[in-house]
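Peer 1: For reference, the file data-v8.txt (compact mmCIF, C-alpha atoms) is included below:
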# COMPACT_ATOMS: atom_id res chain seq x y z
CA MET A 1 6.38 29.50 5.25
CA THR A 2 4.01 26.93 6.75
CA GLU A 3 3.21 27.65 10.39
CA PRO A 4 4.42 24.98 12.85
CA ALA A 5 0.90 24.58 14.23
CA THR A 6 -0.39 23.80 10.74
CA VAL A 7 2.36 21.23 10.20
CA LYS A 8 1.61 19.61 13.54
CA ALA A 9 -2.13 19.46 12.82
CA ALA A 10 -1.51 17.75 9.49
CA LEU A 11 0.85 15.22 11.02
CA THR A 12 -1.54 14.49 13.89
CA SER A 13 -4.38 13.72 11.49
CA GLN A 14 -2.30 11.56 9.13
CA SER A 15 -3.35 7.91 8.99
CA ILE A 16 -1.20 5.11 7.56
CA GLU A 17 -2.72 1.70 6.91
CA THR A 18 -0.60 -1.35 7.67
CA PRO A 19 -0.93 -4.65 5.75
CA SER A 20 -1.90 -7.82 7.59
CA TRP A 21 0.52 -9.89 5.50
CA ALA A 22 3.51 -7.86 6.66
CA TYR A 23 3.08 -9.37 10.14
CA GLY A 24 3.45 -12.91 8.75
CA ASN A 25 6.42 -14.88 7.46
CA SER A 26 7.79 -14.08 4.03
CA GLY A 27 11.03 -14.49 2.13
CA THR A 28 12.59 -14.93 -1.27
CA ARG A 29 11.39 -17.06 -4.18
CA PHE A 30 13.42 -19.88 -2.71
CA LYS A 31 12.82 -19.77 1.02
CA VAL A 32 10.44 -18.28 3.56
CA PHE A 33 12.17 -17.44 6.83
CA ALA A 34 10.20 -18.09 10.01
CA ARG A 35 10.61 -16.07 13.19
CA PRO A 36 9.47 -16.74 16.77
CA GLY A 37 6.20 -15.09 17.75
CA VAL A 38 4.83 -14.62 14.24
CA PRO A 39 1.00 -14.54 14.22
CA ARG A 40 -0.88 -17.72 13.43
CA THR A 41 -4.32 -16.20 12.84
CA PRO A 42 -5.81 -12.97 11.47
CA GLN A 43 -6.71 -12.08 15.06
CA GLU A 44 -3.07 -12.32 16.15
CA LYS A 45 -2.06 -10.17 13.18
CA LEU A 46 -4.45 -7.52 14.47
CA ASP A 47 -2.95 -7.85 17.95
CA ASP A 48 0.45 -7.00 16.45
CA ALA A 49 -0.98 -4.18 14.35
CA ALA A 50 -2.46 -2.70 17.52
CA LYS A 51 1.07 -2.42 18.92
CA VAL A 52 2.20 -0.44 15.87
CA HIS A 53 -0.69 1.97 16.38
CA GLU A 54 -0.14 2.10 20.12
CA PHE A 55 3.42 3.38 19.73
CA THR A 56 3.04 5.52 16.59
CA GLY A 57 -0.50 6.85 17.00
CA ALA A 58 -0.71 6.89 13.19
CA ALA A 59 -1.72 3.39 12.07
CA PRO A 60 -5.38 2.85 13.03
CA THR A 61 -6.41 0.68 10.07
CA VAL A 62 -5.29 -2.73 8.82
CA ALA A 63 -5.66 -4.08 5.28
CA LEU A 64 -6.86 -7.65 4.82
CA HIS A 65 -5.82 -10.12 2.10
CA ILE A 66 -8.26 -12.81 1.04
CA PRO A 67 -7.85 -15.80 1.30
CA TRP A 68 -4.82 -15.22 3.57
CA ASP A 69 -7.11 -13.65 6.19
CA THR A 70 -10.17 -15.83 5.71
CA VAL A 71 -12.31 -16.31 8.84
CA ASP A 72 -15.75 -17.74 9.49
CA ASP A 73 -17.14 -14.49 10.93
CA TYR A 74 -15.90 -11.21 9.48
CA ALA A 75 -18.13 -9.10 11.68
CA ALA A 76 -16.46 -10.74 14.68
CA LEU A 77 -13.04 -9.99 13.17
CA ALA A 78 -14.05 -6.34 12.80
CA ALA A 79 -15.13 -6.35 16.45
CA HIS A 80 -11.78 -7.87 17.44
CA ALA A 81 -10.09 -4.97 15.64
CA ARG A 82 -12.28 -2.37 17.33
CA ASP A 83 -11.52 -3.86 20.75
CA ARG A 84 -7.86 -3.11 20.03
CA GLY A 85 -8.40 0.44 18.81
CA LEU A 86 -8.28 -0.50 15.12
CA THR A 87 -10.60 -0.69 12.15
CA LEU A 88 -10.39 -3.03 9.18
CA GLY A 89 -9.36 -1.23 6.03
CA THR A 90 -8.80 -2.23 2.44
CA VAL A 91 -9.76 -5.74 1.31
CA ASN A 92 -7.18 -7.14 -1.11
CA ALA A 93 -8.30 -9.79 -3.56
CA ASN A 94 -6.05 -12.69 -4.55
CA THR A 95 -6.43 -14.21 -8.02
CA PHE A 96 -2.84 -15.36 -8.41
CA GLN A 97 -2.38 -18.39 -6.14
CA ASP A 98 -4.71 -20.94 -7.71
CA ASP A 99 -3.65 -23.50 -10.29
CA ASP A 100 -6.58 -22.46 -12.50
CA PHE A 101 -5.02 -19.02 -12.85
CA ARG A 102 -1.85 -20.25 -14.58
CA LEU A 103 -2.85 -18.40 -17.78
CA GLY A 104 -4.57 -15.54 -16.01
CA SER A 105 -7.68 -14.88 -13.94
CA VAL A 106 -10.15 -12.27 -15.20
CA CYS A 107 -8.22 -12.17 -18.50
CA HIS A 108 -7.99 -15.96 -18.91
CA PRO A 109 -9.10 -17.32 -22.31
CA ASP A 110 -11.43 -19.85 -20.62
CA PRO A 111 -14.79 -18.31 -19.57
CA ALA A 112 -15.09 -20.81 -16.70
CA VAL A 113 -11.84 -19.60 -15.15
CA ARG A 114 -12.90 -15.99 -15.60
CA ARG A 115 -16.17 -16.74 -13.79
CA LYS A 116 -14.23 -18.34 -10.94
CA ALA A 117 -12.04 -15.23 -10.61
CA LEU A 118 -15.03 -12.90 -10.74
CA HIS A 119 -16.79 -14.95 -8.08
CA HIS A 120 -13.81 -14.37 -5.76
CA LEU A 121 -13.83 -10.62 -6.42
CA LEU A 122 -17.54 -10.39 -5.66
CA ALA A 123 -17.03 -12.45 -2.51
CA CYS A 124 -14.46 -9.86 -1.42
CA VAL A 125 -17.14 -7.17 -1.73
CA ASP A 126 -19.35 -9.30 0.52
CA ILE A 127 -16.50 -9.28 3.05
CA MET A 128 -16.30 -5.50 2.77
CA ASP A 129 -20.00 -5.32 3.62
CA ALA A 130 -19.40 -7.42 6.72
CA THR A 131 -16.30 -5.55 7.92
CA GLY A 132 -17.39 -2.04 6.99
CA SER A 133 -14.39 -1.65 4.70
CA ARG A 134 -14.51 1.10 2.11
CA ASP A 135 -11.94 -0.05 -0.45
CA LEU A 136 -11.43 -3.12 -2.61
CA LYS A 137 -7.92 -3.32 -4.02
CA LEU A 138 -7.36 -5.28 -7.20
CA TRP A 139 -3.99 -6.37 -8.51
CA PHE A 140 -3.85 -8.94 -11.27
CA ALA A 141 -0.90 -11.16 -12.11
CA ASP A 142 -2.51 -11.63 -15.53
CA GLY A 143 -0.36 -11.43 -18.64
CA THR A 144 1.48 -13.53 -21.18
CA ASN A 145 5.02 -14.87 -21.47
CA TYR A 146 5.29 -15.39 -25.24
CA PRO A 147 4.30 -13.52 -28.40
CA GLY A 148 1.11 -14.99 -29.80
CA GLN A 149 0.20 -16.74 -26.54
CA ASP A 150 -3.12 -14.87 -26.37
CA ASP A 151 -4.92 -11.97 -27.98
CA VAL A 152 -3.69 -8.80 -26.24
CA ARG A 153 -6.76 -6.75 -27.15
CA GLU A 154 -9.24 -9.44 -26.15
CA ARG A 155 -7.56 -9.69 -22.76
CA GLN A 156 -8.26 -5.99 -22.21
CA ASP A 157 -11.91 -6.60 -23.15
CA ARG A 158 -12.12 -9.45 -20.61
CA LEU A 159 -10.54 -7.25 -17.95
CA ALA A 160 -12.98 -4.43 -18.64
CA GLU A 161 -15.93 -6.83 -18.41
CA ALA A 162 -14.83 -8.14 -15.01
CA LEU A 163 -14.09 -4.69 -13.62
CA ALA A 164 -17.51 -3.45 -14.72
CA ALA A 165 -19.23 -6.34 -12.94
CA VAL A 166 -17.35 -5.62 -9.71
CA TYR A 167 -17.96 -1.89 -9.97
CA GLU A 168 -21.68 -2.49 -10.35
CA ARG A 169 -21.67 -4.61 -7.18
CA LEU A 170 -20.03 -1.92 -5.04
CA GLY A 171 -22.08 -0.02 -2.51
CA ASP A 172 -22.48 3.74 -2.80
CA ASP A 173 -19.77 4.36 -0.18
CA GLN A 174 -17.33 1.75 -1.50
CA ARG A 175 -14.46 2.15 -3.96
CA MET A 176 -12.47 0.00 -6.35
CA LEU A 177 -8.72 0.60 -6.32
CA LEU A 178 -6.89 -0.72 -9.38
CA GLU A 179 -3.18 -1.38 -9.02
CA TYR A 180 -0.68 -1.64 -11.86
CA LYS A 181 2.67 -3.38 -12.10
CA LEU A 182 5.36 -3.02 -14.75
CA PHE A 183 6.12 -6.72 -15.04
CA GLU A 184 6.20 -10.05 -13.19
CA PRO A 185 5.01 -12.71 -13.19
CA ALA A 186 4.15 -12.09 -16.85
CA PHE A 187 7.22 -11.23 -18.93
CA TYR A 188 5.93 -10.52 -22.46
CA THR A 189 2.75 -8.57 -21.76
CA THR A 190 1.22 -7.58 -18.44
CA ASP A 191 -2.48 -6.79 -18.58
CA VAL A 192 -2.28 -3.81 -16.19
CA PRO A 193 1.35 -2.70 -16.66
CA ASP A 194 1.18 1.05 -16.00
CA TRP A 195 -0.80 3.93 -14.58
CA GLY A 196 -2.20 4.84 -17.99
CA THR A 197 -3.84 1.44 -18.45
CA ALA A 198 -5.25 1.53 -14.91
CA TYR A 199 -6.46 5.12 -15.41
CA ALA A 200 -8.14 4.30 -18.73
CA HIS A 201 -10.14 1.46 -17.17
CA CYS A 202 -11.07 3.54 -14.12
CA LEU A 203 -12.15 6.47 -16.28
CA LYS A 204 -14.71 4.31 -18.08
CA LEU A 205 -16.08 2.83 -14.88
CA GLY A 206 -16.84 5.95 -12.88
CA PRO A 207 -15.59 8.13 -10.01
CA ARG A 208 -15.47 5.31 -7.46
CA ALA A 209 -12.80 3.54 -9.52
CA GLN A 210 -9.40 4.90 -8.53
CA VAL A 211 -5.75 4.12 -9.29
CA VAL A 212 -3.25 2.72 -6.77
CA VAL A 213 0.37 3.87 -7.03
CA ASP A 214 2.72 1.23 -5.65
CA THR A 215 6.05 3.00 -5.31
CA GLY A 216 7.96 -0.17 -6.22
CA HIS A 217 6.13 -0.95 -9.46
CA HIS A 218 8.00 1.24 -11.91
CA ALA A 219 10.94 1.11 -14.27
CA PRO A 220 14.21 2.64 -13.02
CA GLY A 221 14.22 6.38 -13.57
CA THR A 222 10.44 6.72 -13.67
CA ASN A 223 9.27 10.05 -12.29
CA ILE A 224 6.70 8.71 -9.84
CA GLU A 225 5.90 12.14 -8.44
CA PHE A 226 4.74 13.21 -11.91
CA ILE A 227 2.33 10.28 -11.98
CA VAL A 228 1.08 11.22 -8.52
CA ALA A 229 0.61 14.86 -9.52
CA THR A 230 -1.27 13.90 -12.68
CA LEU A 231 -3.61 11.45 -10.95
CA LEU A 232 -4.33 13.97 -8.19
CA ARG A 233 -5.05 16.62 -10.82
CA GLU A 234 -7.52 14.24 -12.47
CA GLY A 235 -9.09 13.20 -9.17
CA ARG A 236 -8.11 9.56 -9.70
CA LEU A 237 -5.43 8.87 -7.10
CA GLY A 238 -7.13 6.46 -4.73
CA ALA A 239 -4.26 5.03 -2.72
CA PHE A 240 -0.58 4.40 -2.28
CA ASP A 241 1.19 1.13 -1.64
CA PHE A 242 4.32 2.46 0.03
CA ASN A 243 7.50 0.39 -0.21
CA SER A 244 11.01 0.56 -1.67
CA ARG A 245 12.86 -1.35 -4.32
CA PHE A 246 16.47 -1.57 -5.43
CA TYR A 247 16.02 -3.70 -8.57
CA ALA A 248 12.39 -4.61 -9.14
CA ASP A 249 9.38 -5.06 -6.86
CA ASP A 250 11.29 -5.69 -3.65
CA ASP A 251 8.58 -4.57 -1.17
CA LEU A 252 11.23 -3.27 1.20
CA MET A 253 10.61 -0.66 3.89
CA VAL A 254 9.38 2.61 2.43
CA GLY A 255 12.10 5.21 2.20
CA ALA A 256 14.86 2.61 2.46
CA ALA A 257 16.13 2.84 -1.11
CA ASP A 258 15.49 6.50 -1.95
CA PRO A 259 14.13 8.71 0.85
CA PHE A 260 14.46 11.76 -1.40
CA GLN A 261 12.04 10.17 -3.86
CA LEU A 262 9.55 9.58 -1.05
CA PHE A 263 9.87 13.26 -0.08
CA ARG A 264 9.28 14.37 -3.69
CA ILE A 265 6.20 12.16 -3.93
CA LEU A 266 4.77 13.50 -0.70
CA TYR A 267 5.46 17.08 -1.72
CA GLU A 268 3.20 16.52 -4.74
CA VAL A 269 0.62 14.99 -2.39
CA VAL A 270 0.75 18.10 -0.21
CA ARG A 271 0.77 20.38 -3.27
CA GLY A 272 -2.20 18.57 -4.81
CA GLY A 273 -4.35 18.45 -1.68
CA GLY A 274 -3.84 14.72 -1.22
CA LEU A 275 -3.51 14.93 2.55
CA THR A 276 -7.10 16.09 2.88
CA ALA A 277 -8.51 14.04 -0.01
CA ASP A 278 -9.64 10.41 0.17
CA VAL A 279 -6.19 9.03 -0.64
CA ALA A 280 -5.38 5.89 1.35
CA PHE A 281 -1.81 5.80 2.65
CA MET A 282 -1.13 2.07 2.73
CA LEU A 283 2.05 0.09 3.27
CA ASP A 284 2.65 -2.96 1.06
CA GLN A 285 5.75 -4.64 2.39
CA CYS A 286 7.24 -8.03 3.17
CA HIS A 287 9.75 -8.20 5.99
CA ASN A 288 11.84 -11.21 5.08
CA ILE A 289 14.93 -11.02 7.30
CA GLU A 290 14.05 -8.31 9.82
CA GLU A 291 11.65 -8.26 12.76
CA LYS A 292 8.12 -7.53 11.56
CA ILE A 293 6.71 -5.02 14.03
CA PRO A 294 9.83 -2.82 14.35
CA ALA A 295 10.11 -2.73 10.54
CA ILE A 296 6.50 -1.60 10.21
CA ILE A 297 6.96 1.01 12.93
CA ARG A 298 10.02 2.29 11.09
CA SER A 299 8.05 2.45 7.83
CA VAL A 300 5.28 4.47 9.47
CA MET A 301 7.91 6.83 10.88
CA ASN A 302 9.56 7.17 7.46
CA VAL A 303 6.27 8.24 5.87
CA GLN A 304 5.70 10.70 8.70
CA GLU A 305 9.17 12.19 8.32
CA ALA A 306 8.82 12.61 4.55
CA THR A 307 5.39 14.17 5.05
CA ALA A 308 6.76 16.60 7.64
CA LYS A 309 9.52 17.70 5.27
CA ALA A 310 7.02 18.13 2.44
CA LEU A 311 4.86 20.31 4.67
CA LEU A 312 7.88 22.49 5.49
CA VAL A 313 8.50 23.47 1.87
CA ASP A 314 8.21 27.26 1.57
CA ARG A 315 5.67 27.16 -1.23
CA GLU A 316 5.52 30.95 -1.55
CA ALA A 317 9.29 31.22 -2.02
CA LEU A 318 9.19 28.27 -4.38
CA ALA A 319 6.45 29.86 -6.50
CA ILE A 320 8.41 33.11 -6.77
CA ALA A 321 11.54 31.27 -7.87
CA GLN A 322 9.56 29.27 -10.40
CA ARG A 323 7.82 32.35 -11.86
CA THR A 324 11.09 34.24 -12.19
CA GLY A 325 12.95 31.30 -13.67
CA ASP A 326 15.42 31.10 -10.80
CA VAL A 327 16.28 27.45 -11.25
CA LEU A 328 18.86 27.16 -8.50
CA GLU A 329 16.76 28.98 -5.92
CA ALA A 330 13.73 26.81 -6.69
CA ASN A 331 15.80 23.68 -6.18
CA ALA A 332 17.33 25.14 -3.03
CA VAL A 333 13.89 25.75 -1.50
CA LEU A 334 13.05 22.08 -1.91
CA MET A 335 16.44 20.96 -0.63
CA ASP A 336 16.20 23.19 2.43
CA ALA A 337 13.00 21.43 3.45
CA TYR A 338 14.39 17.98 2.66
CA ASN A 339 17.54 18.59 4.68
CA THR A 340 15.60 19.69 7.76
CA ASP A 341 15.83 17.29 10.69
CA VAL A 342 12.15 16.79 11.48
CA ARG A 343 12.64 14.10 14.10
CA PRO A 344 12.42 16.53 17.05
CA LEU A 345 9.21 17.97 15.58
CA LEU A 346 7.65 14.51 15.25
CA ALA A 347 8.74 13.56 18.76
CA GLU A 348 6.99 16.69 19.98
CA VAL A 349 3.84 15.79 18.02
CA ARG A 350 3.80 12.31 19.58
CA GLU A 351 4.41 13.61 23.10
CA GLU A 352 1.54 16.07 22.70
CA GLN A 353 -0.63 13.03 21.90
CA GLY A 354 0.51 11.31 25.08
CA LEU A 355 2.86 8.96 23.24
CA ASP A 356 6.55 8.26 23.64
CA GLY A 357 8.60 10.48 21.35
CA ASP A 358 10.60 7.43 20.19
CA PRO A 359 8.21 4.66 19.04
CA MET A 360 11.02 2.18 18.38
CA ALA A 361 12.43 2.49 21.88
CA ALA A 362 8.95 2.33 23.40
CA TYR A 363 8.19 -0.89 21.53
CA ARG A 364 11.43 -2.53 22.64
CA ARG A 365 10.70 -1.64 26.27
CA SER A 366 7.18 -3.09 26.01
CA GLY A 367 8.39 -6.70 25.95
CA TRP A 368 5.82 -7.62 23.29
CA ALA A 369 8.33 -9.55 21.17
CA THR A 370 9.34 -11.75 24.11
CA LYS A 371 5.73 -12.24 25.20
CA THR A 372 4.53 -13.37 21.75
CA ALA A 373 7.55 -15.64 21.23
CA GLU A 374 6.68 -17.42 24.47
CA GLU A 375 2.92 -17.60 23.90
CA ARG A 376 2.63 -18.31 20.17
CA ILE A 377 3.97 -21.82 20.19
CA GLY A 378 2.35 -24.51 18.11
CA GLY A 379 -0.04 -24.15 15.23
CA GLU A 380 0.84 -22.85 11.77
CA GLN A 381 2.40 -19.43 11.43
CA ALA A 382 0.83 -17.04 8.96
CA GLY A 383 2.74 -16.38 5.75
CA TRP A 384 3.08 -17.37 2.15
CA GLY A 385 4.89 -20.57 1.32
CA ALA A 386 7.86 -21.02 -0.96
If you took the structure in this file and wrote it as structure tokens, what would it be?

Peer 2:
Amino acid sequence: MTEPATVKAALTSQSIETPSWAYGNSGTRFKVFARPGVPRTPQEKLDDAAKVHEFTGAAPTVALHIPWDTVDDYAALAAHARDRGLTLGTVNANTFQDDDFRLGSVCHPDPAVRRKALHHLLACVDIMDATGSRDLKLWFADGTNYPGQDDVRERQDRLAEALAAVYERLGDDQRMLLEYKLFEPAFYTTDVPDWGTAYAHCLKLGPRAQVVVDTGHHAPGTNIEFIVATLLREGRLGAFDFNSRFYADDDLMVGAADPFQLFRILYEVVRGGGLTADVAFMLDQCHNIEEKIPAIIRSVMNVQEATAKALLVDREALAIAQRTGDVLEANAVLMDAYNTDVRPLLAEVREEQGLDGDPMAAYRRSGWATKTAEERIGGEQAGWGA
């Protein structure tokens, strides 16, 4: 049985990266819903992110999305983050919101469009140099809608060529994180549709090319924890994008749809040494109808709770049951940990760090939502249009 002190130490050291775009307006395909007090600039997004870290003690880094977070001086943006107790984390490239990318970006049949996409990816590495960011995350909306639209094999060659150019540009302490997605917006073929495709490309590039597992990017019934275990075993799990989905890629709060799945995933992370490895625990969420900051706080807490339960699994008892073929006992060991109420333990961990045991209540008492709603009037709120 894991000692309580060991569990507490692991939870205290856990770091969860929040996404800048989650602090902005978002919505459905048909409508983006605005809320009072939403940030207008990358700096104001960082101000909000600082509140999440202030009340959870577990969210010290913020991921950027380019061009959504474009500024004139990235070193100054990094300084703004440091002044608020944060650091800038993963830089996310965007090659899916330009008219030229209608038929793809790095996989486009036109070499001129591919060069334009590659130029953006390399510019993102320049931003990493300026901010001190370690990771570049790449997700491509590239694919085809109709049979015969393009040569499937040639598109993989184009993708490999672009990835190799970016990999070569990376500094020695920088990584490329390649994300996959089952479908959408391409509906016939998607150029990076699964973990196997992402893994194959990363394997050819080198050890600083790693796979991102977005928990919402899988077909129903997919055993995501198996994918996590396999990538950890191969040393190729670079990061998570934590969210939930009910039908497709919903980007809802992590743990909302299936908290037991989140627990199973995090057990494999604990089992495979992922808590002490260089695996980035990132959120990738859009808060369409709920308040942004409380939703992100809740997501951080959900990851913490699933991690705590995973740490409480009696691995010795589980191993004995597995070796002896005691199927029901093995399952019971997992279920005992999952059914444990870890909220008092996490409250204790926070209080030992000088934090309020209830981050949600502490945020509500802070008055930050009222303050920002009164002060952030005028200008253009951050978000993606629809």

Peer 1: For a quick check of understanding, using only C-alpha atoms, which of A:Thr230, A:Asn288, A:Gln156, A:Thr28 has the smallest distance to A:Leu252?

Peer 2: A:Asn288

Peer 1: Could you list, as an NGL selection string, every residue within 6 Å of stretch 273-284 of chain A, counting all atoms listed in the file and ignoring same-chain residues fewer than 6 positions away?

Peer 2: :A and (16-18 or 238-242)

Peer 1: If you count all atoms listed in the file, which residues fall within 6 Å of stretch 325-340 of chain A, apart from same-chain ones fewer than 4 positions away, as number ranges by chain?

Peer 2: A: 309, 312-313, 318, 321

Peer 1: Of the candidates A:Arg298, A:Arg169, A:Lys137, A:His287, which shows the shortest atom-to-atom distance to A:Ile66, using all atoms listed in the file?

Peer 2: A:Lys137

Peer 1: For atom CA of A:Val71 and atom CA of A:Ala34, quote the distance in Å rounded to one decimal.

Peer 2: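 It comes out at 22.6 Å.
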
Peer 1: Quick one: everything within 9 Å of stretch 203-207 of chain A, counting only C-alpha atoms, minus sequence neighbours fewer than 2 positions away in the same chain. Send it as a list of chain:residue names.

Peer 2: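 Selected residues are A:Ala160, A:Leu163, A:Ala164, A:Tyr167, A:Glu168, A:Arg175, A:Ala198, A:Tyr199, A:Ala200, A:His201, A:Ala209, A:Gln210, A:Gly235, A:Arg236.
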
Peer 1: Given the choices A:Ile127, A:Trp139, A:Arg114, A:Pro294, which gets closest to A:Arg155 if the distance is worked out from all atoms listed in the file?

Peer 2: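 Answer, going by the shortest atom-to-atom distance: A:Arg114.
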
Peer 1: One number please: atom CA of A:Ala75 to atom CA of A:Ala130, in Å, one decimal.

Peer 2: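 According to the coordinates, atom CA of A:Ala75 and atom CA of A:Ala130 are separated by 5.4 Å.
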
Peer 1: Taking all atoms listed in the file into account, produce a table as JSON lines in which each residue of stretch 295-351 of chain A with an atom at most 12 Å from an atom of stretch 20-25 of chain A appears once, together with its shortest atom pair and the distance in Å to one decimal, ordered by chain and rising number.

Peer 2:
{"residue": "A:Ala295", "atom": "CA", "partner": "A:Ala22", "partner_atom": "CA", "distance": 9.2}
{"residue": "A:Ile296", "atom": "CA", "partner": "A:Ala22", "partner_atom": "CA", "distance": 7.8}
{"residue": "A:Ile297", "atom": "CA", "partner": "A:Ala22", "partner_atom": "CA", "distance": 11.4}
{"residue": "A:Ser299", "atom": "CA", "partner": "A:Ala22", "partner_atom": "CA", "distance": 11.3}

Peer 1: Tell me which of A:Val192, A:Ala306, A:Ile289, A:Ala219 sits closest to A:Asp258, counting all atoms listed in the file.

Peer 2: A:Ala306
